[in-house]
Every structure is written in C-alpha cells, then in structure tokens.
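model.pdb follows (PDB, C-alpha atoms, pLDDT in the B column):
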ATOM      1  CA  MET E   1      23.088 -27.280  22.184  1.00 67.00           C
ATOM      2  CA  GLN E   2      25.774 -28.489  19.883  1.00 83.00           C
ATOM      3  CA  GLN E   3      29.447 -27.716  20.308  1.00 86.00           C
ATOM      4  CA  ASN E   4      32.008 -26.766  17.699  1.00 86.00           C
ATOM      5  CA  LEU E   5      35.593 -28.089  17.546  1.00 87.00           C
ATOM      6  CA  TRP E   6      36.734 -25.728  20.312  1.00 89.00           C
ATOM      7  CA  GLY E   7      33.956 -26.695  22.716  1.00 87.00           C
ATOM      8  CA  GLU E   8      31.970 -23.498  22.216  1.00 89.00           C
ATOM      9  CA  LYS E   9      28.212 -23.854  22.206  1.00 90.00           C
ATOM     10  CA  ILE E  10      26.493 -23.339  18.869  1.00 87.00           C
ATOM     11  CA  PRO E  11      22.993 -21.922  19.214  1.00 86.00           C
ATOM     12  CA  ARG E  12      20.224 -23.665  17.311  1.00 84.00           C
ATOM     13  CA  PRO E  13      18.705 -21.678  14.499  1.00 83.00           C
ATOM     14  CA  ARG E  14      15.259 -20.457  15.449  1.00 83.00           C
ATOM     15  CA  ARG E  15      12.296 -21.511  13.411  1.00 84.00           C
ATOM     16  CA  LYS E  16      10.650 -18.699  11.553  1.00 84.00           C
ATOM     17  CA  LYS E  17       7.022 -18.267  12.437  1.00 84.00           C
ATOM     18  CA  GLU E  18       4.772 -19.061   9.496  1.00 85.00           C
ATOM     19  CA  ILE E  19       2.558 -16.041   9.013  1.00 81.00           C
ATOM     20  CA  ILE E  20      -0.834 -16.817   7.539  1.00 77.00           C
ATOM     21  CA  PRO E  21      -2.457 -13.728   5.998  1.00 69.00           C
ATOM     22  CA  LEU E  22      -5.995 -12.948   7.049  1.00 70.00           C
ATOM     23  CA  THR E  23      -8.557 -13.609   4.354  1.00 65.00           C
ATOM     24  CA  SER E  24      -9.837 -10.049   4.739  1.00 63.00           C
ATOM     25  CA  ALA E  25      -6.334  -8.683   4.013  1.00 56.00           C
ATOM     26  CA  ILE E  26      -5.921 -10.575   0.740  1.00 59.00           C
ATOM     27  CA  PRO E  27      -6.819  -8.291  -2.188  1.00 61.00           C
ATOM     28  CA  TYR E  28      -9.320  -9.669  -4.659  1.00 62.00           C
ATOM     29  CA  ALA E  29     -10.814  -8.404  -7.903  1.00 64.00           C
ATOM     30  CA  ILE E  30     -14.433  -8.489  -9.026  1.00 69.00           C
ATOM     31  CA  THR E  31     -13.606  -7.690 -12.649  1.00 70.00           C
ATOM     32  CA  ASP E  32     -10.419  -7.806 -14.702  1.00 70.00           C
ATOM     33  CA  ASN E  33      -9.895  -4.070 -14.232  1.00 73.00           C
ATOM     34  CA  ASP E  34     -11.622  -2.888 -11.038  1.00 76.00           C
ATOM     35  CA  CYS E  35      -9.865   0.483 -11.082  1.00 79.00           C
ATOM     36  CA  ALA E  36     -11.379   1.397 -14.455  1.00 75.00           C
ATOM     37  CA  TYR E  37     -14.919   0.659 -13.224  1.00 77.00           C
ATOM     38  CA  PHE E  38     -14.859   1.649  -9.544  1.00 78.00           C
ATOM     39  CA  GLY E  39     -11.844   3.954  -9.199  1.00 79.00           C
ATOM     40  CA  HIS E  40      -8.535   3.381  -7.455  1.00 81.00           C
ATOM     41  CA  THR E  41      -8.379   2.017  -3.904  1.00 79.00           C
ATOM     42  CA  LEU E  42      -6.077   4.409  -2.073  1.00 80.00           C
ATOM     43  CA  ARG E  43      -4.197   4.276   1.192  1.00 78.00           C
ATOM     44  CA  GLU E  44      -3.418   7.328   3.314  1.00 81.00           C
ATOM     45  CA  TRP E  45      -1.762  10.224   1.489  1.00 79.00           C
ATOM     46  CA  ASP E  46       1.845  10.755   2.539  1.00 79.00           C
ATOM     47  CA  LEU E  47       3.327  14.150   3.442  1.00 79.00           C
ATOM     48  CA  ALA E  48       4.513  14.757  -0.117  1.00 76.00           C
ATOM     49  CA  GLY E  49       0.970  14.377  -1.500  1.00 78.00           C
ATOM     50  CA  CYS E  50       1.592  10.931  -3.034  1.00 85.00           C
ATOM     51  CA  ASN E  51      -0.295   7.643  -2.831  1.00 86.00           C
ATOM     52  CA  ILE E  52      -0.333   4.128  -4.344  1.00 86.00           C
ATOM     53  CA  CYS E  53      -3.396   2.161  -5.482  1.00 86.00           C
ATOM     54  CA  THR E  54      -3.649  -1.068  -3.484  1.00 81.00           C
ATOM     55  CA  ASP E  55      -5.253  -2.934  -6.403  1.00 80.00           C
ATOM     56  CA  CYS E  56      -3.160  -2.026  -9.446  1.00 83.00           C
ATOM     57  CA  SER E  57      -0.070  -0.503  -7.697  1.00 82.00           C
ATOM     58  CA  VAL E  58      -0.134   2.632  -9.866  1.00 86.00           C
ATOM     59  CA  LYS E  59       1.459   5.734  -8.317  1.00 88.00           C
ATOM     60  CA  ILE E  60      -0.856   8.680  -7.707  1.00 88.00           C
ATOM     61  CA  PHE E  61      -0.229  12.290  -6.685  1.00 88.00           C
ATOM     62  CA  CYS E  62      -2.359  15.308  -5.825  1.00 86.00           C
ATOM     63  CA  PRO E  63      -1.709  18.057  -8.417  1.00 86.00           C
ATOM     64  CA  ARG E  64      -2.635  20.794  -5.929  1.00 86.00           C
ATOM     65  CA  CYS E  65      -0.209  19.519  -3.254  1.00 85.00           C
ATOM     66  CA  ILE E  66       2.707  19.031  -5.686  1.00 84.00           C
ATOM     67  CA  THR E  67       3.137  19.835  -9.380  1.00 84.00           C
ATOM     68  CA  HIS E  68       4.473  16.379 -10.385  1.00 81.00           C
ATOM     69  CA  HIS E  69       5.261  13.053  -8.722  1.00 82.00           C
ATOM     70  CA  PRO E  70       8.805  13.148  -7.274  1.00 81.00           C
ATOM     71  CA  GLN E  71       9.747   9.608  -8.401  1.00 82.00           C
ATOM     72  CA  ASP E  72       7.476   8.545 -11.263  1.00 82.00           C
ATOM     73  CA  GLU E  73       6.788  10.614 -14.384  1.00 83.00           C
ATOM     74  CA  THR E  74       3.876   8.322 -15.369  1.00 85.00           C
ATOM     75  CA  ALA E  75       1.979   8.843 -12.089  1.00 87.00           C
ATOM     76  CA  ILE E  76      -1.724   9.684 -12.262  1.00 86.00           C
ATOM     77  CA  PRO E  77      -2.964  13.055 -10.915  1.00 87.00           C
ATOM     78  CA  ILE E  78      -5.960  12.659  -8.551  1.00 84.00           C
ATOM     79  CA  LEU E  79      -7.072  15.258  -6.001  1.00 84.00           C
ATOM     80  CA  CYS E  80      -6.633  14.329  -2.337  1.00 82.00           C
ATOM     81  CA  GLU E  81      -9.412  14.665   0.263  1.00 80.00           C
ATOM     82  CA  ARG E  82      -8.257  18.172   1.206  1.00 81.00           C
ATOM     83  CA  HIS E  83      -8.553  19.481  -2.337  1.00 80.00           C
ATOM     84  CA  GLU E  84     -11.481  17.607  -3.847  1.00 78.00           C
ATOM     85  CA  GLU E  85     -14.749  19.491  -4.002  1.00 77.00           C
ATOM     86  CA  PRO E  86     -17.287  18.482  -1.362  1.00 73.00           C
ATOM     87  CA  GLN E  87     -20.174  16.349  -2.567  1.00 66.00           C
ATOM     88  CA  GLU E  88     -23.564  17.960  -2.070  1.00 65.00           C
ATOM     89  CA  SER E  89     -26.037  15.642  -0.390  1.00 61.00           C
ATOM     90  CA  GLN E  90     -29.485  15.409  -1.910  1.00 61.00           C
ATOM     91  CA  VAL E  91     -32.147  15.804   0.784  1.00 61.00           C
ATOM     92  CA  SER E  92     -35.729  15.180  -0.312  1.00 58.00           C
ATOM     93  CA  ALA E  93     -38.417  17.172   1.455  1.00 53.00           C
TER      94      ALA E  93
END
Encoding of this model in structure tokens:
Amino acid sequence: MQQNLWGEKIPRPRRKKEIIPLTSAIPYAITDNDCAYFGHTLREWDLAGCNICTDCSVKIFCPRCITHHPQDETAIPILCERHEEPQESQVSA
C-alpha cells in the first residue's frame, strides 16, 4: 500500500470485474420490426398493470387493470394474462 504525506495508508483502487453478457441474453432481431410481425416480447407485469417490450422498449399497460398508463400517455394497451380470453385448443377426433 502507498502512503500519503502524513504516513496514512492509501488503499489501492479495486479493479472492476469485466462482465461479459451471455450470448443468450443479448437481444437480436430477425426482421427490422419483429414486434409488428410477431408481437411484443413482454416481461412480467408489475403490480400497476404495466410492462415494457424487451425488443422495442415501448411501454405497455393492461386496460382492464388500469385505465391509462401512469407515466406515458403514448403507451400501448394490451391485455395481460389475467384478462385475455383463453385460447380454445383444437382437438381432432
């Protein structure tokens, strides 16, 4: 350790660990506008009924949970899992 003018020890600055992102965690796009073709990729809905698309970063809210997005007036209304109608499965006999 180094010392300053008064003889006090000066700690060495620690090296920051270089974090390498996993290749599976890096977002990638198949087309120029994946959300228009495949729909938005959502995370978990928060308690206020809001969400953010992981691909295009647009803010989304559930119109049945809340009437409008609390922070963004241009947010897109999409129903959450609780409120969307269940898909009927086609079973062939």
Result set of the PyMOL selection byres ((chain E and resi 61) around 6) on the coordinates above, as a list of chain:residue names: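 Going through the file, the PyMOL selection byres ((chain E and resi 61) around 6) ends up selecting E:Gly49, E:Cys50, E:Ile60, E:Cys62, E:His69, E:Pro77.
Rounded to one decimal, CA of Asp55 in chain E and CA of Thr41 in chain E lie 6.4 Å from each other.
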Spell out the residues picked by the PyMOL selection byres ((chain E and resi 64) around 9) here, as an NGL selection string. :E and (49 or 61-63 or 65-67 or 79-80 or 83)
Can you list, as a ChimeraX atom specification, every protein, DNA or RNA residue that comes within 9 Å of Asn51 in chain E when you count only C-alpha atoms, leaving out same-chain residues fewer than 4 positions away? /E:42-46,58-62
Just the number, please: distance in Å from CA of Gly39 in chain E to CA of Leu22 in chain E, one decimal. 24.2 Å
Rounded to one decimal, what separation in Å do you get between CA of Phe38 in chain E and CA of Thr54 in chain E?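 Rounded to one decimal, the two atoms are 13.0 Å apart.
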